[in-house]
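See below for start29.cif, which holds mmCIF, C-alpha atoms.
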```cif
data_protein
loop_
_atom_site.label_atom_id
_atom_site.label_comp_id
_atom_site.auth_asym_id
_atom_site.auth_seq_id
_atom_site.Cartn_x
_atom_site.Cartn_y
_atom_site.Cartn_z
CA MET A 1 96.92 102.38 111.58
CA LEU A 2 94.02 100.25 110.40
CA THR A 3 93.80 102.24 107.18
CA LEU A 4 97.51 101.61 106.52
CA LEU A 5 97.01 97.87 107.00
CA ILE A 6 93.97 97.88 104.71
CA ARG A 7 95.94 99.73 102.03
CA ALA A 8 98.84 97.25 102.35
CA LEU A 9 96.41 94.34 102.07
CA ILE A 10 94.79 95.88 99.00
CA PHE A 11 98.19 96.38 97.40
CA LEU A 12 99.19 92.75 98.12
CA VAL A 13 95.89 91.43 96.77
CA SER A 14 96.16 93.56 93.63
CA ALA A 15 99.74 92.36 93.06
CA ALA A 16 98.64 88.74 93.49
CA LEU A 17 95.74 89.23 91.09
CA GLY A 18 98.00 90.82 88.49
CA LEU A 19 100.54 88.00 88.64
CA ILE A 20 97.88 85.28 88.63
CA VAL A 21 96.01 86.77 85.65
CA ALA A 22 99.26 87.07 83.68
CA ASP A 23 100.08 83.44 84.56
CA LEU A 24 96.66 82.25 83.42
CA ILE A 25 96.44 84.04 80.08
CA LEU A 26 100.02 84.53 78.89
CA GLU A 27 102.29 81.80 77.62
CA GLY A 28 105.82 82.32 78.88
CA PHE A 29 104.70 84.01 82.10
CA TYR A 30 104.40 81.50 84.89
CA LEU A 31 104.12 81.10 88.62
CA HIS A 32 105.57 77.95 90.19
CA TRP A 33 102.31 76.59 91.64
CA ASN A 34 104.04 73.61 93.27
CA ASP A 35 105.94 76.06 95.50
CA TRP A 36 103.29 78.15 97.29
CA TRP A 37 105.92 79.86 99.46
CA GLY A 38 107.72 81.02 96.31
CA ILE A 39 104.49 82.53 94.99
CA VAL A 40 103.87 84.35 98.27
CA LEU A 41 107.46 85.60 98.18
CA ALA A 42 107.06 86.73 94.55
CA VAL A 43 103.87 88.63 95.40
CA VAL A 44 105.43 90.33 98.43
CA ILE A 45 108.63 91.19 96.57
CA PHE A 46 106.70 92.56 93.60
CA ALA A 47 104.30 94.59 95.78
CA VAL A 48 107.05 96.10 97.93
CA LEU A 49 109.23 96.94 94.93
CA GLN A 50 106.29 98.43 93.05
CA SER A 51 105.34 100.61 96.02
CA VAL A 52 108.93 101.83 96.43
CA LEU A 53 109.87 102.18 92.76
CA ALA A 54 106.82 104.11 91.53
CA PRO A 55 107.31 107.22 93.71
CA TRP A 56 111.08 107.13 93.25
CA LEU A 57 110.85 106.85 89.46
CA LEU A 58 108.21 109.59 89.41
CA LYS A 59 110.55 111.91 91.27
CA ILE A 60 113.45 111.17 88.93
CA THR A 61 111.29 111.44 85.82
CA ARG A 62 109.75 114.70 86.94
CA ARG A 63 113.23 116.12 87.37
CA HIS A 64 114.92 114.78 84.22
CA ALA A 65 112.34 113.58 81.68
CA ASN A 66 108.95 115.18 82.28
CA ALA A 67 107.49 113.72 79.06
CA LEU A 68 107.84 110.18 80.42
CA ILE A 69 105.72 110.65 83.55
CA GLY A 70 102.78 108.76 82.01
CA GLY A 71 104.86 105.59 81.72
CA ILE A 72 105.96 105.44 85.36
CA GLY A 73 103.48 102.69 86.26
CA LEU A 74 104.61 100.50 83.38
CA LEU A 75 108.29 101.14 84.07
CA SER A 76 108.00 100.40 87.79
CA THR A 77 105.98 97.25 87.00
CA PHE A 78 108.67 96.07 84.58
CA VAL A 79 111.52 96.74 87.03
CA ALA A 80 109.66 95.08 89.91
CA LEU A 81 108.99 92.01 87.73
CA LEU A 82 112.63 91.92 86.63
CA ILE A 83 113.93 91.97 90.20
CA ALA A 84 111.35 89.40 91.36
CA VAL A 85 112.36 87.04 88.53
CA LEU A 86 116.05 87.44 89.41
CA ILE A 87 115.48 86.30 93.01
CA PRO A 88 115.87 82.50 92.93
CA ALA A 89 113.46 81.76 95.79
CA ALA A 90 110.61 83.73 94.22
CA GLY A 91 108.16 81.49 92.40
CA ILE A 92 107.92 83.46 89.17
CA GLY A 93 109.42 83.07 85.72
CA ILE A 94 109.12 84.96 82.45
CA ASP A 95 110.45 83.56 79.16
CA GLY A 96 110.86 85.60 76.02
CA PRO A 97 110.53 89.25 75.06
CA VAL A 98 106.83 88.97 74.18
CA ALA A 99 106.04 87.56 77.62
CA TRP A 100 108.03 90.38 79.23
CA ILE A 101 106.22 93.11 77.29
CA ILE A 102 102.69 91.69 77.40
CA GLY A 103 103.20 90.41 80.96
CA THR A 104 104.18 93.89 82.12
CA LEU A 105 101.07 95.34 80.48
CA ILE A 106 98.76 92.70 81.97
CA VAL A 107 100.18 92.96 85.49
CA TRP A 108 100.11 96.76 85.35
CA LEU A 109 96.52 96.86 84.09
CA VAL A 110 95.17 94.32 86.59
CA THR A 111 96.96 95.88 89.57
CA ALA A 112 95.77 99.35 88.53
CA LEU A 113 92.17 98.17 88.23
CA ALA A 114 92.33 96.21 91.47
CA THR A 115 93.76 99.12 93.46
CA TRP A 116 90.98 101.28 92.05
CA LEU A 117 88.10 98.81 92.58
CA LEU A 118 89.03 97.07 95.85
CA PRO A 119 89.16 100.04 98.28
CA PRO A 120 85.42 100.78 98.11
CA LEU A 121 84.73 97.15 99.08
CA PHE A 122 86.96 97.31 102.15
CA ILE A 123 85.89 100.82 103.11
CA LYS A 124 82.19 99.91 102.75
CA ASN A 125 82.68 96.89 105.02
CA LYS A 126 84.60 99.02 107.54
CA VAL A 127 81.80 101.62 107.67
CA GLN A 128 79.13 98.91 108.04
CA ASP A 129 81.12 97.28 110.89
CA ARG A 130 81.26 100.58 112.76
CA ARG A 131 77.51 101.16 112.33
CA GLY A 132 76.58 97.62 113.32
#
```
For the structure just supplied, provide its representation as structure tokens.
Amino acid sequence: MLTLLIRALIFLVSAALGLIVADLILEGFYLHWNDWWGIVLAVVIFAVLQSVLAPWLLKITRRHANALIGGIGLLSTFVALLIAVLIPAAGIGIDGPVAWIIGTLIVWLVTALATWLLPPLFIKNKVQDRRG
């Protein structure tokens, strides 16, 4: 149970990092910083959608378009961003096709790196807590 909670926390943190990095470096991709609840909602919506869409799209792609399997992460990131932007209460906005394309790439890359690099930090701390 604790492992599941740690994985969920890592996924939420990686989603937040991806959205924040895209907001900081990409014009046309923005988080509504004056509405902190909207940002939290955008992060949760994006993370949940990403975690649901990726396996579902992989299953469909494997069945119908095997050559596209490598793009599942990008596609699920794009769809999750699209749905998050369409929800009025979510504190995220993306303007223009360049921001959509580059934003998807940035968010995908940062979330992929974060989900790869963060687990050893949490697992190391968990092991040290048990020893201490």
Who sits within 9 Å of Phe11 of chain A, only C-alpha atoms, same chain under 2 positions skipped, as a ChimeraX atom specification: /A:6-9,13-16,47-48,51,111,114-115
Residue nearest Gly93 of chain A - candidates A:Ile45, A:Pro119, A:Leu12, A:Leu31, atoms counted: all atoms listed in the file: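 Of A:Ile45, A:Pro119, A:Leu12, A:Leu31, the one nearest Gly93 of chain A is A:Leu31, counting all atoms listed in the file.
If you look at atom CA of Gly91 of chain A and atom CA of Trp37 of chain A, they are 7.6 Å away from each other.
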Chain and number of each residue from the PyMOL selection byres ((chain A and resi 70-81) around 6), as a PyMOL selection string: chain A and resi 46+49-50+53-54+68-69+82-84+104
Find the residues with any atom within 10 Å of (108.8, 76.2, 86.0); use only C-alpha atoms and the coordinates as given in the file, and write the answer as a list in words.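 Output: Gly28, Phe29, Tyr30, Leu31, His32, Trp33, Asn34, Asp35, Gly91, Ile92, Gly93 and Ile94 of chain A.
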Give as a ChimeraX atom specification the residues that the PyMOL selection byres ((chain A and resi 110) around 8) matches when applied to the coordinates above. /A:14,17-18,21,106-109,111-114
Which residue gives the smallest distance to Val85 of chain A among A:Ile20, A:Leu118, A:Val43, A:Ile101, with all atoms listed in the file counted? A:Val43
Correct to one decimal, the distance atom CA of Ala89 of chain A-atom CA of Leu19 of chain A is 16.0 Å
Draw an axis-aligned box tight on the listed atoms of segment 15-29 of chain A, then pad every side by 6 Å and write out centre and edge lengths in Å to one decimal as AutoDock Vina command-line options.
```
--center_x 100.8 --center_y 87.1 --center_z 85.6 --size_x 22.1 --size_y 22.6 --size_z 27.9
```
Pick from A:Leu117, A:Phe122, A:Thr3, A:Ala99: nearest to Leu26 of chain A, with all atoms listed in the file counted? A:Ala99
Output segment 45-57 of chain A from the block with all heavy atoms, as an mmCIF file, in the first residue's frame?
```
data_model
loop_
_atom_site.group_PDB
_atom_site.id
_atom_site.type_symbol
_atom_site.label_atom_id
_atom_site.label_comp_id
_atom_site.auth_asym_id
_atom_site.auth_seq_id
_atom_site.Cartn_x
_atom_site.Cartn_y
_atom_site.Cartn_z
ATOM 1 N N ILE A 45 -5.648 16.304 -12.774
ATOM 2 C CA ILE A 45 -6.338 15.872 -13.983
ATOM 3 C C ILE A 45 -5.338 15.310 -14.989
ATOM 4 O O ILE A 45 -5.536 14.236 -15.549
ATOM 5 C CB ILE A 45 -7.146 17.030 -14.607
ATOM 6 C CG1 ILE A 45 -8.351 17.360 -13.734
ATOM 7 C CG2 ILE A 45 -7.594 16.707 -16.038
ATOM 8 C CD1 ILE A 45 -9.051 18.651 -14.112
ATOM 9 N N PHE A 46 -4.256 16.043 -15.227
ATOM 10 C CA PHE A 46 -3.251 15.589 -16.174
ATOM 11 C C PHE A 46 -2.652 14.254 -15.739
ATOM 12 O O PHE A 46 -2.518 13.332 -16.546
ATOM 13 C CB PHE A 46 -2.149 16.639 -16.345
ATOM 14 C CG PHE A 46 -1.027 16.169 -17.209
ATOM 15 C CD1 PHE A 46 -1.159 16.153 -18.582
ATOM 16 C CD2 PHE A 46 0.154 15.702 -16.649
ATOM 17 C CE1 PHE A 46 -0.133 15.684 -19.397
ATOM 18 C CE2 PHE A 46 1.181 15.247 -17.449
ATOM 19 C CZ PHE A 46 1.034 15.234 -18.822
ATOM 20 N N ALA A 47 -2.281 14.123 -14.476
ATOM 21 C CA ALA A 47 -1.643 12.895 -13.991
ATOM 22 C C ALA A 47 -2.582 11.698 -14.087
ATOM 23 O O ALA A 47 -2.171 10.617 -14.531
ATOM 24 C CB ALA A 47 -1.169 13.085 -12.549
ATOM 25 N N VAL A 48 -3.826 11.879 -13.698
ATOM 26 C CA VAL A 48 -4.788 10.778 -13.759
ATOM 27 C C VAL A 48 -5.046 10.377 -15.212
ATOM 28 O O VAL A 48 -5.035 9.188 -15.552
ATOM 29 C CB VAL A 48 -6.107 11.153 -13.049
ATOM 30 C CG1 VAL A 48 -7.204 10.147 -13.340
ATOM 31 C CG2 VAL A 48 -5.877 11.262 -11.548
ATOM 32 N N LEU A 49 -5.279 11.372 -16.071
ATOM 33 C CA LEU A 49 -5.516 11.064 -17.481
ATOM 34 C C LEU A 49 -4.310 10.375 -18.117
ATOM 35 O O LEU A 49 -4.465 9.419 -18.873
ATOM 36 C CB LEU A 49 -5.861 12.335 -18.253
ATOM 37 C CG LEU A 49 -7.251 12.896 -18.002
ATOM 38 C CD1 LEU A 49 -7.388 14.267 -18.633
ATOM 39 C CD2 LEU A 49 -8.313 11.947 -18.521
ATOM 40 N N GLN A 50 -3.131 10.865 -17.813
ATOM 41 C CA GLN A 50 -1.915 10.272 -18.370
ATOM 42 C C GLN A 50 -1.777 8.812 -17.926
ATOM 43 O O GLN A 50 -1.433 7.947 -18.717
ATOM 44 C CB GLN A 50 -0.701 11.095 -17.930
ATOM 45 C CG GLN A 50 0.603 10.612 -18.443
ATOM 46 C CD GLN A 50 0.841 10.962 -19.893
ATOM 47 O OE1 GLN A 50 -0.007 11.504 -20.571
ATOM 48 N NE2 GLN A 50 2.000 10.633 -20.376
ATOM 49 N N SER A 51 -2.061 8.547 -16.658
ATOM 50 C CA SER A 51 -1.914 7.183 -16.149
ATOM 51 C C SER A 51 -2.981 6.244 -16.707
ATOM 52 O O SER A 51 -2.748 5.039 -16.812
ATOM 53 C CB SER A 51 -1.936 7.168 -14.625
ATOM 54 O OG SER A 51 -3.208 7.530 -14.151
ATOM 55 N N VAL A 52 -4.133 6.773 -17.085
ATOM 56 C CA VAL A 52 -5.198 5.949 -17.656
ATOM 57 C C VAL A 52 -5.020 5.811 -19.174
ATOM 58 O O VAL A 52 -5.197 4.732 -19.732
ATOM 59 C CB VAL A 52 -6.583 6.550 -17.332
ATOM 60 C CG1 VAL A 52 -7.682 5.863 -18.112
ATOM 61 C CG2 VAL A 52 -6.850 6.478 -15.842
ATOM 62 N N LEU A 53 -4.677 6.907 -19.827
ATOM 63 C CA LEU A 53 -4.597 6.906 -21.286
ATOM 64 C C LEU A 53 -3.426 6.093 -21.828
ATOM 65 O O LEU A 53 -3.571 5.416 -22.848
ATOM 66 C CB LEU A 53 -4.494 8.335 -21.811
ATOM 67 C CG LEU A 53 -5.768 9.167 -21.749
ATOM 68 C CD1 LEU A 53 -5.461 10.616 -22.070
ATOM 69 C CD2 LEU A 53 -6.807 8.621 -22.702
ATOM 70 N N ALA A 54 -2.274 6.163 -21.186
ATOM 71 C CA ALA A 54 -1.088 5.479 -21.719
ATOM 72 C C ALA A 54 -1.307 3.970 -21.883
ATOM 73 O O ALA A 54 -1.077 3.436 -22.973
ATOM 74 C CB ALA A 54 0.135 5.782 -20.864
ATOM 75 N N PRO A 55 -1.771 3.250 -20.862
ATOM 76 C CA PRO A 55 -1.982 1.810 -21.059
ATOM 77 C C PRO A 55 -3.100 1.505 -22.064
ATOM 78 O O PRO A 55 -3.007 0.565 -22.853
ATOM 79 C CB PRO A 55 -2.359 1.282 -19.674
ATOM 80 C CG PRO A 55 -2.035 2.355 -18.722
ATOM 81 C CD PRO A 55 -1.956 3.631 -19.474
ATOM 82 N N TRP A 56 -4.152 2.319 -22.040
ATOM 83 C CA TRP A 56 -5.267 2.112 -22.959
ATOM 84 C C TRP A 56 -4.828 2.320 -24.408
ATOM 85 O O TRP A 56 -5.130 1.515 -25.287
ATOM 86 C CB TRP A 56 -6.413 3.058 -22.588
ATOM 87 C CG TRP A 56 -7.609 2.921 -23.464
ATOM 88 C CD1 TRP A 56 -8.494 1.883 -23.505
ATOM 89 C CD2 TRP A 56 -8.047 3.870 -24.432
ATOM 90 N NE1 TRP A 56 -9.456 2.131 -24.445
ATOM 91 C CE2 TRP A 56 -9.210 3.347 -25.030
ATOM 92 C CE3 TRP A 56 -7.579 5.106 -24.847
ATOM 93 C CZ2 TRP A 56 -9.898 4.024 -26.021
ATOM 94 C CZ3 TRP A 56 -8.276 5.775 -25.829
ATOM 95 C CH2 TRP A 56 -9.415 5.238 -26.412
ATOM 96 N N LEU A 57 -4.111 3.417 -24.657
ATOM 97 C CA LEU A 57 -3.623 3.682 -26.008
ATOM 98 C C LEU A 57 -2.605 2.634 -26.454
ATOM 99 O O LEU A 57 -2.563 2.265 -27.632
ATOM 100 C CB LEU A 57 -3.013 5.084 -26.090
ATOM 101 C CG LEU A 57 -4.013 6.240 -26.044
ATOM 102 C CD1 LEU A 57 -3.279 7.570 -25.898
ATOM 103 C CD2 LEU A 57 -4.888 6.243 -27.276
#
```
